[in-house]
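Working notes, structure below.
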Amino acid sequence: MKRIIAFTGSNNPVSINEKLIKYIIKEFPKSGIEFTDIKKYTLPIYSQEIEQKGIPNQAKELFQLLTTAEGFILASPEHNGLPSAFLKNTIDWLSRIDQRFLGDKPILLLSTSPGATGGNTHLEILANLVQRWGGQLVGRFSLGSFQQNFNDDINSLNNSKDEESLKKLVIDLLSKQSVDKNENKDEVKDGSTSSSGYGKIKTTLNTPHAEYSTINEKEKEHRKEQLHGTLRREARTETLMNEIVSRYKNKGFL
Ligand SMILES: Cc1cc2nc3c(=O)[nH]c(=O)nc-3n(C[C@H](O)[C@H](O)[C@H](O)COP(=O)(O)O)c2cc1C
């Protein structure tokens, strides 16, 4: 069974985004979706000074937990059109361990708020950024007017259209196969490492910054060719150097 880690970007003890996640878990029992309360991972506000003394263990523990998932659901509250400072801070710490901390796994982005449009404004921002963090965006859903559209007593959505859209996205997420596994297989095949966890981090560390990660297969081949060209040139240079040394020793220049 897949393990999907569902978490919010909220530190509100009565978070409405958490309620949305609990609703999904109720509707998809035995799907492997489990809620993780990231408030438990208490992190200081990111600062380089703290980082130089060492990344907090809580950030490392959360990172480790994320590596065990095959996909994610993030229900993110909107604060002034942006993700919450709490979520941003968590992301900042995780990105210092591995910029692609979502490990090339699928992610569904959700948001709800009391406002009519829900968290649409900041979901757009997050949707553009998840790739940078190694997330494969499955889709996004925003539930507006939470108090009107969510029935707290029975933990359900009031509107069948919302229900249908949200469930379709969850099914899409559950049907996604993470590319991460295949990449790890290659690592093992190459003999670079036999540990899938380390292999993944190694892969991600070697992955260029997200802005450069849209290299298509052709470009990858081109890069390989360039590398082989360099190696061939190095081999030719070495032969030439050996020839010069040998001629010098044998007074071939005289
Ligand atoms: C500082 C602050 C800014 C907010 N800005 C927005 C906003 O831009 N858009 C919105 O729809 N709701 C906004 N809200 C309302 C939140 O959607 C609401 O507090 C919601 O409960 C947050 O989700 P949570 O309960 O899961 O933390 C804001 C709330 C706070 C405290």
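Residue names in the structure tokens use chain letters A, B, ... in the order shown, residue numbers from 1 in each chain, and ligand numbers from 1 in the order shown.
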
Show me which residues are within 12 Å of ligand 1 counting only C-alpha atoms and all ligand atoms, and format the list as a VMD selection string. chain A and resid 7 to 22 37 39 74 to 87 110 to 123 142 to 147

Can I get the selection written as a compact mmCIF listing (two decimals), in the first residue's frame, with N, CA and C atoms?
```
# COMPACT_ATOMS: atom_id res chain seq x y z
N PHE A 7 -0.28 16.75 5.16
CA PHE A 7 0.07 17.71 6.21
C PHE A 7 -0.46 19.09 5.85
N THR A 8 -0.54 19.94 6.86
CA THR A 8 -1.00 21.30 6.58
C THR A 8 0.18 22.25 6.75
N GLY A 9 -0.04 23.47 6.27
CA GLY A 9 0.96 24.51 6.49
C GLY A 9 0.48 25.43 7.60
N SER A 10 -0.30 24.84 8.51
CA SER A 10 -0.92 25.67 9.56
C SER A 10 -0.38 25.29 10.93
N ASN A 11 -0.19 26.31 11.79
CA ASN A 11 0.11 26.01 13.19
C ASN A 11 -1.06 26.38 14.09
N ASN A 12 -2.22 26.46 13.46
CA ASN A 12 -3.45 26.75 14.20
C ASN A 12 -3.98 25.45 14.82
N PRO A 13 -4.14 25.41 16.15
CA PRO A 13 -4.58 24.15 16.77
C PRO A 13 -5.98 23.72 16.31
N VAL A 14 -6.76 24.67 15.78
CA VAL A 14 -8.09 24.29 15.26
C VAL A 14 -8.13 24.63 13.75
N SER A 15 -7.15 24.11 13.06
CA SER A 15 -6.97 24.44 11.65
C SER A 15 -8.09 23.90 10.75
N ILE A 16 -8.62 24.78 9.91
CA ILE A 16 -9.65 24.32 8.97
C ILE A 16 -9.01 23.52 7.83
N ASN A 17 -7.75 23.78 7.54
CA ASN A 17 -7.07 22.99 6.51
C ASN A 17 -6.84 21.56 7.01
N GLU A 18 -6.62 21.44 8.31
CA GLU A 18 -6.50 20.08 8.88
C GLU A 18 -7.84 19.35 8.76
N LYS A 19 -8.92 20.09 8.94
CA LYS A 19 -10.26 19.47 8.82
C LYS A 19 -10.47 18.93 7.41
N LEU A 20 -9.98 19.68 6.43
CA LEU A 20 -10.12 19.24 5.04
C LEU A 20 -9.35 17.92 4.83
N ILE A 21 -8.18 17.84 5.42
CA ILE A 21 -7.39 16.61 5.29
C ILE A 21 -8.10 15.44 6.00
N LYS A 22 -8.64 15.72 7.18
CA LYS A 22 -9.33 14.65 7.94
C LYS A 22 -10.54 14.15 7.15
N ASP A 37 1.22 15.77 11.69
CA ASP A 37 1.11 17.11 12.29
C ASP A 37 2.50 17.73 12.35
N LYS A 39 3.38 20.54 13.16
CA LYS A 39 3.59 21.45 14.31
C LYS A 39 4.49 20.78 15.36
N LEU A 74 -0.72 18.49 0.59
CA LEU A 74 -0.46 19.67 1.43
C LEU A 74 -1.69 20.56 1.40
N ALA A 75 -2.29 20.78 2.58
CA ALA A 75 -3.40 21.73 2.69
C ALA A 75 -2.83 22.98 3.34
N SER A 76 -2.76 24.03 2.56
CA SER A 76 -2.00 25.20 2.98
C SER A 76 -2.90 26.41 3.23
N PRO A 77 -2.84 26.99 4.42
CA PRO A 77 -3.64 28.19 4.67
C PRO A 77 -3.04 29.40 3.94
N GLU A 78 -3.90 30.31 3.56
CA GLU A 78 -3.41 31.52 2.88
C GLU A 78 -3.33 32.67 3.87
N HIS A 79 -2.19 33.29 3.91
CA HIS A 79 -1.99 34.48 4.76
C HIS A 79 -1.56 35.65 3.88
N ASN A 80 -2.43 36.62 3.75
CA ASN A 80 -2.13 37.79 2.91
C ASN A 80 -1.70 37.39 1.50
N GLY A 81 -2.42 36.45 0.95
CA GLY A 81 -2.15 36.02 -0.42
C GLY A 81 -0.91 35.15 -0.57
N LEU A 82 -0.31 34.76 0.54
CA LEU A 82 0.94 33.99 0.52
C LEU A 82 0.79 32.74 1.40
N PRO A 83 1.73 31.79 1.29
CA PRO A 83 1.71 30.69 2.25
C PRO A 83 2.02 31.24 3.65
N SER A 84 1.62 30.51 4.66
CA SER A 84 1.87 31.00 6.03
C SER A 84 3.38 31.07 6.31
N ALA A 85 3.74 31.93 7.24
CA ALA A 85 5.15 32.04 7.65
C ALA A 85 5.61 30.71 8.22
N PHE A 86 4.70 30.01 8.89
CA PHE A 86 5.03 28.71 9.49
C PHE A 86 5.46 27.71 8.41
N LEU A 87 4.68 27.65 7.33
CA LEU A 87 5.03 26.72 6.25
C LEU A 87 6.34 27.15 5.57
N LEU A 110 -3.87 21.67 -1.65
CA LEU A 110 -5.21 22.08 -1.26
C LEU A 110 -5.14 23.33 -0.40
N SER A 111 -6.28 23.99 -0.33
CA SER A 111 -6.38 25.11 0.60
C SER A 111 -7.85 25.39 0.88
N THR A 112 -8.10 25.85 2.07
CA THR A 112 -9.44 26.34 2.36
C THR A 112 -9.35 27.57 3.23
N SER A 113 -10.35 28.42 3.11
CA SER A 113 -10.38 29.63 3.94
C SER A 113 -11.82 30.11 4.04
N PRO A 114 -12.06 31.00 4.99
CA PRO A 114 -13.42 31.52 5.13
C PRO A 114 -13.81 32.42 3.95
N GLY A 115 -12.84 32.90 3.21
CA GLY A 115 -13.11 33.80 2.08
C GLY A 115 -13.69 33.06 0.88
N ALA A 116 -14.35 33.81 0.01
CA ALA A 116 -15.09 33.21 -1.11
C ALA A 116 -14.18 32.42 -2.06
N THR A 117 -12.96 32.89 -2.29
CA THR A 117 -12.10 32.19 -3.25
C THR A 117 -11.15 31.20 -2.58
N GLY A 118 -11.29 31.02 -1.29
CA GLY A 118 -10.38 30.10 -0.59
C GLY A 118 -8.96 30.60 -0.70
N GLY A 119 -8.03 29.67 -0.84
CA GLY A 119 -6.62 30.08 -0.88
C GLY A 119 -6.04 30.09 -2.28
N ASN A 120 -6.90 30.40 -3.26
CA ASN A 120 -6.47 30.35 -4.67
C ASN A 120 -5.23 31.17 -4.99
N THR A 121 -5.16 32.37 -4.39
CA THR A 121 -4.05 33.28 -4.73
C THR A 121 -2.70 32.64 -4.43
N HIS A 122 -2.58 32.10 -3.21
CA HIS A 122 -1.26 31.54 -2.86
C HIS A 122 -1.06 30.15 -3.44
N LEU A 123 -2.16 29.44 -3.76
CA LEU A 123 -1.99 28.10 -4.36
C LEU A 123 -1.29 28.22 -5.71
N SER A 142 -9.14 24.47 -4.19
CA SER A 142 -9.36 25.43 -3.12
C SER A 142 -10.85 25.45 -2.74
N LEU A 143 -11.08 25.25 -1.46
CA LEU A 143 -12.47 25.30 -0.98
C LEU A 143 -12.71 26.67 -0.34
N GLY A 144 -13.52 27.48 -1.01
CA GLY A 144 -13.85 28.81 -0.47
C GLY A 144 -14.98 28.72 0.54
N SER A 145 -15.20 29.81 1.25
CA SER A 145 -16.30 29.93 2.22
C SER A 145 -16.45 28.68 3.08
N PHE A 146 -15.37 28.34 3.77
CA PHE A 146 -15.33 27.08 4.53
C PHE A 146 -16.57 26.88 5.41
N GLN A 147 -16.94 27.92 6.12
CA GLN A 147 -18.05 27.77 7.09
C GLN A 147 -19.35 27.37 6.40
```

Taking the DSSP assignment computed from this structure's backbone, write out as a PyMOL selection string all residues of stretch 93-145 of chain A that belong to alpha helix (DSSP H). chain A and resi 93-97+120-129

Output file for the residues above (N, CA and C atoms, as a compact mmCIF listing (two decimals), in the first residue's frame):
```txt
# COMPACT_ATOMS: atom_id res chain seq x y z
N TRP A 93 13.94 25.30 6.11
CA TRP A 93 14.83 24.35 6.78
C TRP A 93 15.00 23.09 5.95
N LEU A 94 13.87 22.57 5.42
CA LEU A 94 13.97 21.32 4.64
C LEU A 94 14.86 21.53 3.41
N SER A 95 14.76 22.72 2.82
CA SER A 95 15.53 22.97 1.60
C SER A 95 17.02 23.07 1.88
N ARG A 96 17.38 23.30 3.13
CA ARG A 96 18.81 23.34 3.47
C ARG A 96 19.38 21.93 3.62
N ILE A 97 18.48 20.95 3.77
CA ILE A 97 18.94 19.55 3.81
C ILE A 97 19.03 19.04 2.38
N ASN A 120 -6.90 30.40 -3.26
CA ASN A 120 -6.47 30.35 -4.67
C ASN A 120 -5.23 31.17 -4.99
N THR A 121 -5.16 32.37 -4.39
CA THR A 121 -4.05 33.28 -4.73
C THR A 121 -2.70 32.64 -4.43
N HIS A 122 -2.58 32.10 -3.21
CA HIS A 122 -1.26 31.54 -2.86
C HIS A 122 -1.06 30.15 -3.44
N LEU A 123 -2.16 29.44 -3.76
CA LEU A 123 -1.99 28.10 -4.36
C LEU A 123 -1.29 28.22 -5.71
N GLU A 124 -1.58 29.32 -6.38
CA GLU A 124 -0.93 29.55 -7.68
C GLU A 124 0.59 29.66 -7.48
N ILE A 125 0.95 30.38 -6.43
CA ILE A 125 2.38 30.55 -6.13
C ILE A 125 3.01 29.19 -5.79
N LEU A 126 2.33 28.45 -4.90
CA LEU A 126 2.87 27.15 -4.50
C LEU A 126 2.97 26.20 -5.68
N ALA A 127 1.93 26.24 -6.54
CA ALA A 127 1.92 25.33 -7.70
C ALA A 127 3.13 25.59 -8.59
N ASN A 128 3.55 26.85 -8.66
CA ASN A 128 4.72 27.18 -9.48
C ASN A 128 6.03 26.79 -8.81
N LEU A 129 5.98 26.63 -7.49
CA LEU A 129 7.23 26.38 -6.77
C LEU A 129 7.49 24.92 -6.42
```

Selected residue of minimal separation from A:Val138 among A:Tyr41, A:Phe72, A:Phe28, A:Phe63, counting only C-alpha atoms: A:Phe72

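Across A:Gln131, A:Thr36, A:Ser160, A:Ser47, the tightest approach to A:Asn89 is made by A:Ser47 when counting only C-alpha atoms.
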
If you run DSSP over the backbone, which residues in stretch 6-149 of chain A end up strand (DSSP E or B)? Put them as a ChimeraX atom specification. /A:6-8,33-35,71-75,78-79,82-83,105-112,135-143

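Take atom CA of A:Phe150 and atom CA of A:Leu108: the distance between them is 19.5 Å.
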
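The residue that comes closest to A:Gln58, out of A:Thr90, A:Ile33, A:Tyr248, A:Pro106 and on the basis of only C-alpha atoms, is A:Thr90.
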
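Straight-line separation from atom CA of A:Glu70 to atom CA of A:Gly139: 16.0 Å.
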
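By chain and then residue number, the residues within 10 Å of A:Tyr46 are Leu43, Pro44, Gln48, Glu49, Ile50, Glu51, Ile55, Pro56, Lys88, Asn89, Thr90, Ile91, Asp92, Trp93 and Arg96 of chain A, counting only C-alpha atoms and disregarding those fewer than 2 positions away in sequence.
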
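Atom CA of A:Leu62 is positioned 26.6 Å from atom CA of A:Leu166.
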
Kindly indicate which residue among A:Leu240, A:Ile38, A:Leu102, A:Leu109 lies nearest to A:Gly134, using only C-alpha atoms for the distances. A:Leu102

What's around A:Lys167 at 12 Å? Count only C-alpha atoms, leave out sequence neighbours fewer than 2 positions away in its own chain, and write the answer as a PDB file with N, CA and C atoms, in the first residue's frame.
```pdb
ATOM      1  N   LEU A  20      -9.979  19.683   6.432  1.00  0.00           N
ATOM      2  CA  LEU A  20     -10.121  19.238   5.041  1.00  0.00           C
ATOM      3  C   LEU A  20      -9.347  17.922   4.829  1.00  0.00           C
ATOM      4  N   ILE A  21      -8.185  17.843   5.420  1.00  0.00           N
ATOM      5  CA  ILE A  21      -7.394  16.609   5.291  1.00  0.00           C
ATOM      6  C   ILE A  21      -8.098  15.438   6.000  1.00  0.00           C
ATOM      7  N   TYR A  23     -11.170  15.054   6.416  1.00  0.00           N
ATOM      8  CA  TYR A  23     -12.302  14.662   5.564  1.00  0.00           C
ATOM      9  C   TYR A  23     -11.819  13.666   4.494  1.00  0.00           C
ATOM     10  N   ILE A  24     -10.699  13.980   3.852  1.00  0.00           N
ATOM     11  CA  ILE A  24     -10.173  13.084   2.799  1.00  0.00           C
ATOM     12  C   ILE A  24      -9.839  11.709   3.389  1.00  0.00           C
ATOM     13  N   ILE A  25      -9.219  11.717   4.546  1.00  0.00           N
ATOM     14  CA  ILE A  25      -8.846  10.436   5.178  1.00  0.00           C
ATOM     15  C   ILE A  25     -10.103   9.620   5.485  1.00  0.00           C
ATOM     16  N   LYS A  26     -11.153  10.314   5.912  1.00  0.00           N
ATOM     17  CA  LYS A  26     -12.423   9.608   6.181  1.00  0.00           C
ATOM     18  C   LYS A  26     -12.993   9.012   4.886  1.00  0.00           C
ATOM     19  N   GLU A  27     -12.894   9.756   3.802  1.00  0.00           N
ATOM     20  CA  GLU A  27     -13.489   9.304   2.531  1.00  0.00           C
ATOM     21  C   GLU A  27     -12.623   8.254   1.826  1.00  0.00           C
ATOM     22  N   PHE A  28     -11.326   8.219   2.145  1.00  0.00           N
ATOM     23  CA  PHE A  28     -10.429   7.256   1.473  1.00  0.00           C
ATOM     24  C   PHE A  28      -9.737   6.378   2.522  1.00  0.00           C
ATOM     25  N   LEU A 108      -0.395  16.814  -4.132  1.00  0.00           N
ATOM     26  CA  LEU A 108      -1.684  17.481  -4.366  1.00  0.00           C
ATOM     27  C   LEU A 108      -1.745  18.685  -3.430  1.00  0.00           C
ATOM     28  N   LEU A 110      -3.867  21.666  -1.654  1.00  0.00           N
ATOM     29  CA  LEU A 110      -5.212  22.077  -1.262  1.00  0.00           C
ATOM     30  C   LEU A 110      -5.140  23.331  -0.403  1.00  0.00           C
ATOM     31  N   GLY A 139      -2.310  18.378  -8.950  1.00  0.00           N
ATOM     32  CA  GLY A 139      -3.396  19.334  -9.149  1.00  0.00           C
ATOM     33  C   GLY A 139      -3.598  20.169  -7.902  1.00  0.00           C
ATOM     34  N   ARG A 140      -4.549  21.068  -7.984  1.00  0.00           N
ATOM     35  CA  ARG A 140      -4.817  21.909  -6.811  1.00  0.00           C
ATOM     36  C   ARG A 140      -6.317  22.136  -6.676  1.00  0.00           C
ATOM     37  N   PHE A 141      -6.703  22.339  -5.427  1.00  0.00           N
ATOM     38  CA  PHE A 141      -8.124  22.522  -5.151  1.00  0.00           C
ATOM     39  C   PHE A 141      -8.266  23.496  -3.998  1.00  0.00           C
ATOM     40  N   LEU A 157     -18.195  17.676   3.037  1.00  0.00           N
ATOM     41  CA  LEU A 157     -18.419  18.856   2.195  1.00  0.00           C
ATOM     42  C   LEU A 157     -19.920  18.974   1.926  1.00  0.00           C
ATOM     43  N   SER A 160     -21.897  18.884  -3.667  1.00  0.00           N
ATOM     44  CA  SER A 160     -21.456  17.661  -4.358  1.00  0.00           C
ATOM     45  C   SER A 160     -20.434  17.953  -5.466  1.00  0.00           C
ATOM     46  N   LYS A 161     -20.506  19.175  -6.019  1.00  0.00           N
ATOM     47  CA  LYS A 161     -19.535  19.518  -7.075  1.00  0.00           C
ATOM     48  C   LYS A 161     -18.113  19.604  -6.498  1.00  0.00           C
ATOM     49  N   ASP A 162     -18.009  20.256  -5.332  1.00  0.00           N
ATOM     50  CA  ASP A 162     -16.712  20.339  -4.638  1.00  0.00           C
ATOM     51  C   ASP A 162     -16.209  18.935  -4.319  1.00  0.00           C
ATOM     52  N   GLU A 163     -17.155  18.135  -3.813  1.00  0.00           N
ATOM     53  CA  GLU A 163     -16.806  16.771  -3.400  1.00  0.00           C
ATOM     54  C   GLU A 163     -16.229  15.992  -4.590  1.00  0.00           C
ATOM     55  N   GLU A 164     -16.913  16.121  -5.711  1.00  0.00           N
ATOM     56  CA  GLU A 164     -16.499  15.397  -6.922  1.00  0.00           C
ATOM     57  C   GLU A 164     -15.096  15.856  -7.378  1.00  0.00           C
ATOM     58  N   SER A 165     -14.901  17.178  -7.432  1.00  0.00           N
ATOM     59  CA  SER A 165     -13.599  17.701  -7.894  1.00  0.00           C
ATOM     60  C   SER A 165     -12.476  17.244  -6.973  1.00  0.00           C
ATOM     61  N   LEU A 169      -9.238  14.457  -7.759  1.00  0.00           N
ATOM     62  CA  LEU A 169      -7.810  14.782  -7.604  1.00  0.00           C
ATOM     63  C   LEU A 169      -7.102  13.782  -6.682  1.00  0.00           C
ATOM     64  N   VAL A 170      -7.813  13.371  -5.625  1.00  0.00           N
ATOM     65  CA  VAL A 170      -7.201  12.409  -4.697  1.00  0.00           C
ATOM     66  C   VAL A 170      -6.972  11.079  -5.431  1.00  0.00           C
ATOM     67  N   ILE A 171      -7.947  10.677  -6.249  1.00  0.00           N
ATOM     68  CA  ILE A 171      -7.788   9.430  -7.027  1.00  0.00           C
ATOM     69  C   ILE A 171      -6.607   9.570  -7.991  1.00  0.00           C
ATOM     70  N   ASP A 172      -6.490  10.734  -8.610  1.00  0.00           N
ATOM     71  CA  ASP A 172      -5.343  10.983  -9.506  1.00  0.00           C
ATOM     72  C   ASP A 172      -4.029  10.802  -8.739  1.00  0.00           C
ATOM     73  N   LEU A 173      -3.984  11.373  -7.548  1.00  0.00           N
ATOM     74  CA  LEU A 173      -2.766  11.276  -6.734  1.00  0.00           C
ATOM     75  C   LEU A 173      -2.454   9.814  -6.410  1.00  0.00           C
ATOM     76  N   LEU A 174      -3.483   9.080  -5.988  1.00  0.00           N
ATOM     77  CA  LEU A 174      -3.266   7.687  -5.586  1.00  0.00           C
ATOM     78  C   LEU A 174      -2.824   6.816  -6.755  1.00  0.00           C
TER      79      LEU A 174
END
```

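Using only C-alpha atoms for every distance, the candidate list A:Asn155, A:Gln52, A:Asn242, A:Ser175 yields A:Ser175 as the residue closest to A:Gly71.
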